[in-house]
Every structure is written in structure tokens, then in C-alpha cells.
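J.: Here you go, entry.cif (mmCIF, C-alpha atoms):
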```cif
data_query
#
loop_
_atom_site.label_atom_id
_atom_site.label_comp_id
_atom_site.auth_asym_id
_atom_site.auth_seq_id
_atom_site.Cartn_x
_atom_site.Cartn_y
_atom_site.Cartn_z
CA MET T 19 78.50 89.12 118.41
CA GLU T 20 76.04 89.90 115.67
CA GLU T 21 74.43 93.31 115.15
CA ILE T 22 71.52 94.55 113.08
CA GLU T 23 70.05 98.03 112.76
CA VAL T 24 66.48 98.46 113.93
CA SER T 25 64.53 101.44 112.64
CA SER T 26 61.58 101.22 115.04
CA TRP T 27 61.41 101.43 118.80
CA ALA T 28 58.23 99.33 118.52
CA THR T 29 60.32 96.39 117.28
CA LEU T 30 62.69 96.75 120.22
CA ASP T 31 59.71 97.07 122.60
CA ALA T 32 58.19 93.83 121.26
CA LEU T 33 61.47 91.99 121.85
CA LYS T 34 61.78 93.49 125.33
CA LYS T 35 58.27 92.28 126.23
CA ALA T 36 59.19 88.72 125.27
CA ALA T 37 62.51 88.76 127.14
CA ASP T 38 63.82 88.47 130.67
CA VAL T 39 65.51 91.82 131.33
CA ILE T 40 68.88 91.40 133.06
CA ASP T 41 70.17 94.99 133.18
CA THR T 42 69.46 98.49 131.88
CA VAL T 43 72.33 100.85 131.13
CA GLY T 44 71.98 104.52 130.25
CA ASP T 45 69.19 107.06 130.12
CA LEU T 46 67.63 108.67 127.08
CA HIS T 47 67.37 112.00 128.91
CA GLU T 48 70.98 112.21 130.06
CA THR T 49 73.01 110.15 127.59
CA HIS T 50 70.56 109.97 124.67
CA GLN T 51 70.99 106.19 124.68
CA VAL T 52 69.72 103.27 126.74
CA SER T 53 70.73 99.64 126.37
CA ILE T 54 68.46 96.89 127.63
CA PHE T 55 70.35 93.66 128.22
CA CYS T 56 68.01 90.69 128.12
CA VAL T 57 67.70 86.98 127.45
CA ILE T 58 65.19 85.17 125.24
CA GLU T 59 65.59 81.40 125.59
CA ASP T 60 69.30 80.83 124.76
CA ASP T 61 69.87 84.22 123.11
CA TYR T 62 71.73 86.98 124.95
CA LEU T 63 70.58 90.32 123.52
CA GLU T 64 71.27 94.03 123.80
CA LEU T 65 68.45 96.28 122.66
CA CYS T 66 69.83 99.76 122.09
CA TYR T 67 67.40 102.67 121.99
CA THR T 68 68.88 105.99 120.91
CA ASP T 69 67.51 109.36 119.92
CA SER T 70 70.66 110.58 118.18
CA THR T 71 71.90 107.67 116.01
CA THR T 72 70.67 104.33 114.70
CA ASN T 73 68.97 101.86 117.05
CA TYR T 74 70.37 98.36 117.03
CA LEU T 75 69.99 94.82 118.30
CA ARG T 76 73.08 92.86 119.29
CA ARG T 77 73.19 89.13 119.92
CA TYR T 78 76.05 87.72 122.01
CA GLU T 79 77.42 84.21 121.66
CA ASP T 80 77.41 83.27 125.35
CA ASN T 81 76.90 84.55 128.88
CA GLU T 82 80.57 85.52 129.28
CA GLU T 83 80.53 87.78 126.20
CA PHE T 84 77.16 89.15 127.35
CA GLU T 85 78.49 90.07 130.84
CA GLU T 86 81.57 91.73 129.31
CA ALA T 87 79.32 93.82 127.06
CA ILE T 88 77.27 95.00 130.04
CA GLU T 89 80.42 96.17 131.84
CA GLU T 90 81.79 97.87 128.70
CA ARG T 91 78.52 99.72 128.13
CA LYS T 92 78.45 100.90 131.75
CA GLU T 93 82.00 102.25 131.39
CA GLU T 94 81.13 104.00 128.10
CA ILE T 95 78.04 105.62 129.60
CA GLU T 96 79.92 106.72 132.73
CA GLU T 97 82.75 108.21 130.65
CA GLY T 98 80.22 110.07 128.51
CA LEU T 99 78.44 111.52 131.54
CA TYR T 100 81.52 112.77 133.33
CA SER T 101 84.03 113.50 130.56
CA ASP T 102 83.17 117.20 130.23
CA GLN T 103 83.27 118.02 133.92
CA ASP T 104 86.29 119.18 135.88
CA TYR T 105 85.68 118.01 139.43
CA GLU T 106 88.72 119.71 140.94
CA GLU T 107 87.43 123.12 139.85
CA ASP T 108 83.94 122.27 141.11
CA GLU T 109 85.37 121.18 144.47
CA ASP T 110 87.39 124.41 144.82
CA ASP T 111 84.30 126.49 144.02
CA LEU T 112 82.31 124.57 146.60
CA GLU T 113 84.93 125.13 149.29
CA GLU T 114 84.91 128.87 148.55
CA ASP T 115 81.12 128.96 148.83
CA LEU T 116 81.23 127.10 152.15
CA ASP T 117 83.49 129.34 154.19
CA PHE T 118 82.53 128.44 157.74
CA GLU T 119 84.78 131.02 159.38
CA ASP T 120 82.30 133.76 158.46
CA GLU T 121 79.44 131.99 160.23
CA PRO T 122 78.20 133.45 163.50
CA GLU T 123 79.01 131.41 166.59
CA ASP T 124 75.55 131.79 168.12
CA TYR T 125 72.44 130.36 166.50
#
```
Show the structure stored in the file as C-alpha cells.

T.:
Amino acid sequence: MEEIEVSSWATLDALKKAADVIDTVGDLHETHQVSIFCVIEDDYLELCYTDSTTNYLRRYEDNEEFEEAIEERKEEIEEGLYSDQDYEEDEDDLEEDLDFEDEPEDY
């Protein structure tokens, strides 16, 4: 894998236009980062747009390394989205809010 920093989204956009997009991972609104995985001829690329750190372009050696990177990025994004939430507490709160015993029997 090779990586270079890219200072302009316009540069990444130009590469994206010339490429066949394979997958998109992330969302600038939720995770502040989106990775576009694409192929240009024999080059497997990741175009990373971010609004909080440096943008970058990664080139992968082969399809296997490329597929692994897609899965890794999906796991990273998913961990980032859900790491601050405690689902057990949320579930308990939901059950308290939905107390069906207090509901009238006739509608």
C-alpha cells in the first residue's frame, strides 16, 4: 500500500470521475470521513475525504489487499459510530417507556 496526502477535494473528485467506483464507506455528516474505493485501469485506490484531518489517496497492490482494506474501513467506521452508545441502557429506557399494562383494553 502506498499513501499520499491530498490537500484538495477537487483532486480527489477528478480521480473519482475517471474511476470505476466499487464501494463507498462512511459519511461526512456522521463520521466526518468518507472513503471511496475505486479502480482505474490496474490501480486499486481509496480516496479519503475528511473534514477533520488530512485527505489522502491510497493505492493497493492487488485486489485481495483492496478487499481487505474495504472491510477494515467498514469496521472502523462502524466502531466509531457506535462506540459511545450504551445499547443496554437504551433498551431498558425503551422498555420503561413502552409499558403496555397501562394501556386501555378497549380502543

J.: Rounded to one decimal in Å, what is the spacing between atom CA of T:Glu97 and atom CA of T:Tyr62?

T.: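 According to the coordinates, atom CA of T:Glu97 and atom CA of T:Tyr62 are separated by 24.6 Å.
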
J.: Name the residues captured by the PyMOL selection byres ((chain T and resi 67) around 12) when it is applied to the shown file; answer as a PyMOL selection string.

T.: chain T and resi 23-31+34+42-47+49-55+64-66+68-76

J.: By how many Å are atom CA of T:Tyr78 and atom CA of T:Lys92 apart?

T.: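 One can read the atom CA of T:Tyr78 to atom CA of T:Lys92 distance as 16.6 Å.
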
J.: What do you get, as a list in words, if you spell out every residue that the PyMOL selection byres ((chain T and resi 58) around 10) selects here?

T.: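 With the shown file as input, the PyMOL selection byres ((chain T and resi 58) around 10) matches Leu33, Lys34, Lys35, Ala36, Ala37, Asp38, Val39, Cys56, Val57, Glu59, Asp60, Asp61, Tyr62 and Leu63 of chain T.
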
J.: How far is it from atom CA of T:Ile88 to atom CA of T:Asp41, in Å with one decimal?

T.: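 One can read the atom CA of T:Ile88 to atom CA of T:Asp41 distance as 7.8 Å.
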
J.: Would you mind writing stretch 59-93 of chain T with N, CA and C atoms, as an mmCIF file, in the coordinates of the input?

T.:
```
data_model
loop_
_atom_site.group_PDB
_atom_site.id
_atom_site.type_symbol
_atom_site.label_atom_id
_atom_site.label_comp_id
_atom_site.auth_asym_id
_atom_site.auth_seq_id
_atom_site.Cartn_x
_atom_site.Cartn_y
_atom_site.Cartn_z
ATOM 1 N N GLU T 59 65.157 82.795 125.672
ATOM 2 C CA GLU T 59 65.590 81.400 125.590
ATOM 3 C C GLU T 59 67.107 81.326 125.739
ATOM 4 N N ASP T 60 67.840 80.945 124.681
ATOM 5 C CA ASP T 60 69.300 80.830 124.760
ATOM 6 C C ASP T 60 70.013 82.011 124.103
ATOM 7 N N ASP T 61 69.287 83.058 123.784
ATOM 8 C CA ASP T 61 69.870 84.220 123.110
ATOM 9 C C ASP T 61 70.108 85.356 124.089
ATOM 10 N N TYR T 62 71.343 85.860 124.105
ATOM 11 C CA TYR T 62 71.730 86.980 124.950
ATOM 12 C C TYR T 62 71.713 88.228 124.070
ATOM 13 N N LEU T 63 70.832 89.172 124.396
ATOM 14 C CA LEU T 63 70.580 90.320 123.520
ATOM 15 C C LEU T 63 70.826 91.649 124.204
ATOM 16 N N GLU T 64 71.219 92.632 123.388
ATOM 17 C CA GLU T 64 71.270 94.030 123.800
ATOM 18 C C GLU T 64 70.354 94.794 122.862
ATOM 19 N N LEU T 65 69.359 95.439 123.433
ATOM 20 C CA LEU T 65 68.450 96.280 122.660
ATOM 21 C C LEU T 65 68.851 97.717 122.922
ATOM 22 N N CYS T 66 69.336 98.396 121.901
ATOM 23 C CA CYS T 66 69.830 99.760 122.090
ATOM 24 C C CYS T 66 68.855 100.766 121.492
ATOM 25 N N TYR T 67 68.281 101.568 122.385
ATOM 26 C CA TYR T 67 67.400 102.670 121.990
ATOM 27 C C TYR T 67 68.243 103.946 121.995
ATOM 28 N N THR T 68 68.142 104.737 120.947
ATOM 29 C CA THR T 68 68.880 105.990 120.910
ATOM 30 C C THR T 68 68.057 107.045 120.184
ATOM 31 N N ASP T 69 68.226 108.284 120.607
ATOM 32 C CA ASP T 69 67.510 109.360 119.920
ATOM 33 C C ASP T 69 68.449 110.186 119.056
ATOM 34 N N SER T 70 69.722 109.786 118.958
ATOM 35 C CA SER T 70 70.660 110.580 118.180
ATOM 36 C C SER T 70 71.319 109.810 117.034
ATOM 37 N N THR T 71 71.334 108.474 117.092
ATOM 38 C CA THR T 71 71.900 107.670 116.010
ATOM 39 C C THR T 71 70.968 106.496 115.733
ATOM 40 N N THR T 72 71.469 105.482 115.072
ATOM 41 C CA THR T 72 70.670 104.330 114.700
ATOM 42 C C THR T 72 70.482 103.365 115.866
ATOM 43 N N ASN T 73 69.258 102.895 116.057
ATOM 44 C CA ASN T 73 68.970 101.860 117.050
ATOM 45 C C ASN T 73 69.545 100.543 116.542
ATOM 46 N N TYR T 74 69.865 99.649 117.472
ATOM 47 C CA TYR T 74 70.370 98.360 117.030
ATOM 48 C C TYR T 74 70.019 97.251 118.010
ATOM 49 N N LEU T 75 70.156 96.044 117.524
ATOM 50 C CA LEU T 75 69.990 94.820 118.300
ATOM 51 C C LEU T 75 71.286 94.050 118.169
ATOM 52 N N ARG T 76 71.857 93.671 119.302
ATOM 53 C CA ARG T 76 73.080 92.860 119.290
ATOM 54 C C ARG T 76 72.776 91.520 119.944
ATOM 55 N N ARG T 77 73.313 90.477 119.361
ATOM 56 C CA ARG T 77 73.190 89.130 119.920
ATOM 57 C C ARG T 77 74.589 88.653 120.287
ATOM 58 N N TYR T 78 74.752 88.199 121.519
ATOM 59 C CA TYR T 78 76.050 87.720 122.010
ATOM 60 C C TYR T 78 76.068 86.202 122.020
ATOM 61 N N GLU T 79 77.253 85.652 121.798
ATOM 62 C CA GLU T 79 77.420 84.210 121.660
ATOM 63 C C GLU T 79 77.138 83.437 122.953
ATOM 64 N N ASP T 80 77.571 84.000 124.088
ATOM 65 C CA ASP T 80 77.410 83.270 125.350
ATOM 66 C C ASP T 80 77.304 84.253 126.509
ATOM 67 N N ASN T 81 77.085 83.719 127.688
ATOM 68 C CA ASN T 81 76.900 84.550 128.880
ATOM 69 C C ASN T 81 78.149 85.370 129.198
ATOM 70 N N GLU T 82 79.327 84.807 128.985
ATOM 71 C CA GLU T 82 80.570 85.520 129.280
ATOM 72 C C GLU T 82 80.704 86.777 128.405
ATOM 73 N N GLU T 83 80.470 86.638 127.115
ATOM 74 C CA GLU T 83 80.530 87.780 126.200
ATOM 75 C C GLU T 83 79.448 88.809 126.559
ATOM 76 N N PHE T 84 78.288 88.320 126.955
ATOM 77 C CA PHE T 84 77.160 89.150 127.350
ATOM 78 C C PHE T 84 77.520 89.995 128.586
ATOM 79 N N GLU T 85 78.085 89.367 129.619
ATOM 80 C CA GLU T 85 78.490 90.070 130.840
ATOM 81 C C GLU T 85 79.566 91.111 130.563
ATOM 82 N N GLU T 86 80.521 90.785 129.695
ATOM 83 C CA GLU T 86 81.570 91.730 129.310
ATOM 84 C C GLU T 86 80.957 92.955 128.621
ATOM 85 N N ALA T 87 79.980 92.722 127.769
ATOM 86 C CA ALA T 87 79.320 93.820 127.060
ATOM 87 C C ALA T 87 78.593 94.744 128.017
ATOM 88 N N ILE T 88 77.969 94.185 129.038
ATOM 89 C CA ILE T 88 77.270 95.000 130.040
ATOM 90 C C ILE T 88 78.276 95.919 130.733
ATOM 91 N N GLU T 89 79.399 95.373 131.157
ATOM 92 C CA GLU T 89 80.420 96.170 131.840
ATOM 93 C C GLU T 89 81.001 97.242 130.921
ATOM 94 N N GLU T 90 81.269 96.894 129.665
ATOM 95 C CA GLU T 90 81.790 97.870 128.700
ATOM 96 C C GLU T 90 80.808 99.020 128.500
ATOM 97 N N ARG T 91 79.532 98.690 128.359
ATOM 98 C CA ARG T 91 78.520 99.720 128.130
ATOM 99 C C ARG T 91 78.415 100.640 129.344
ATOM 100 N N LYS T 92 78.488 100.076 130.544
ATOM 101 C CA LYS T 92 78.450 100.900 131.750
ATOM 102 C C LYS T 92 79.634 101.863 131.785
ATOM 103 N N GLU T 93 80.813 101.388 131.412
ATOM 104 C CA GLU T 93 82.000 102.250 131.390
ATOM 105 C C GLU T 93 81.846 103.348 130.346
#
```
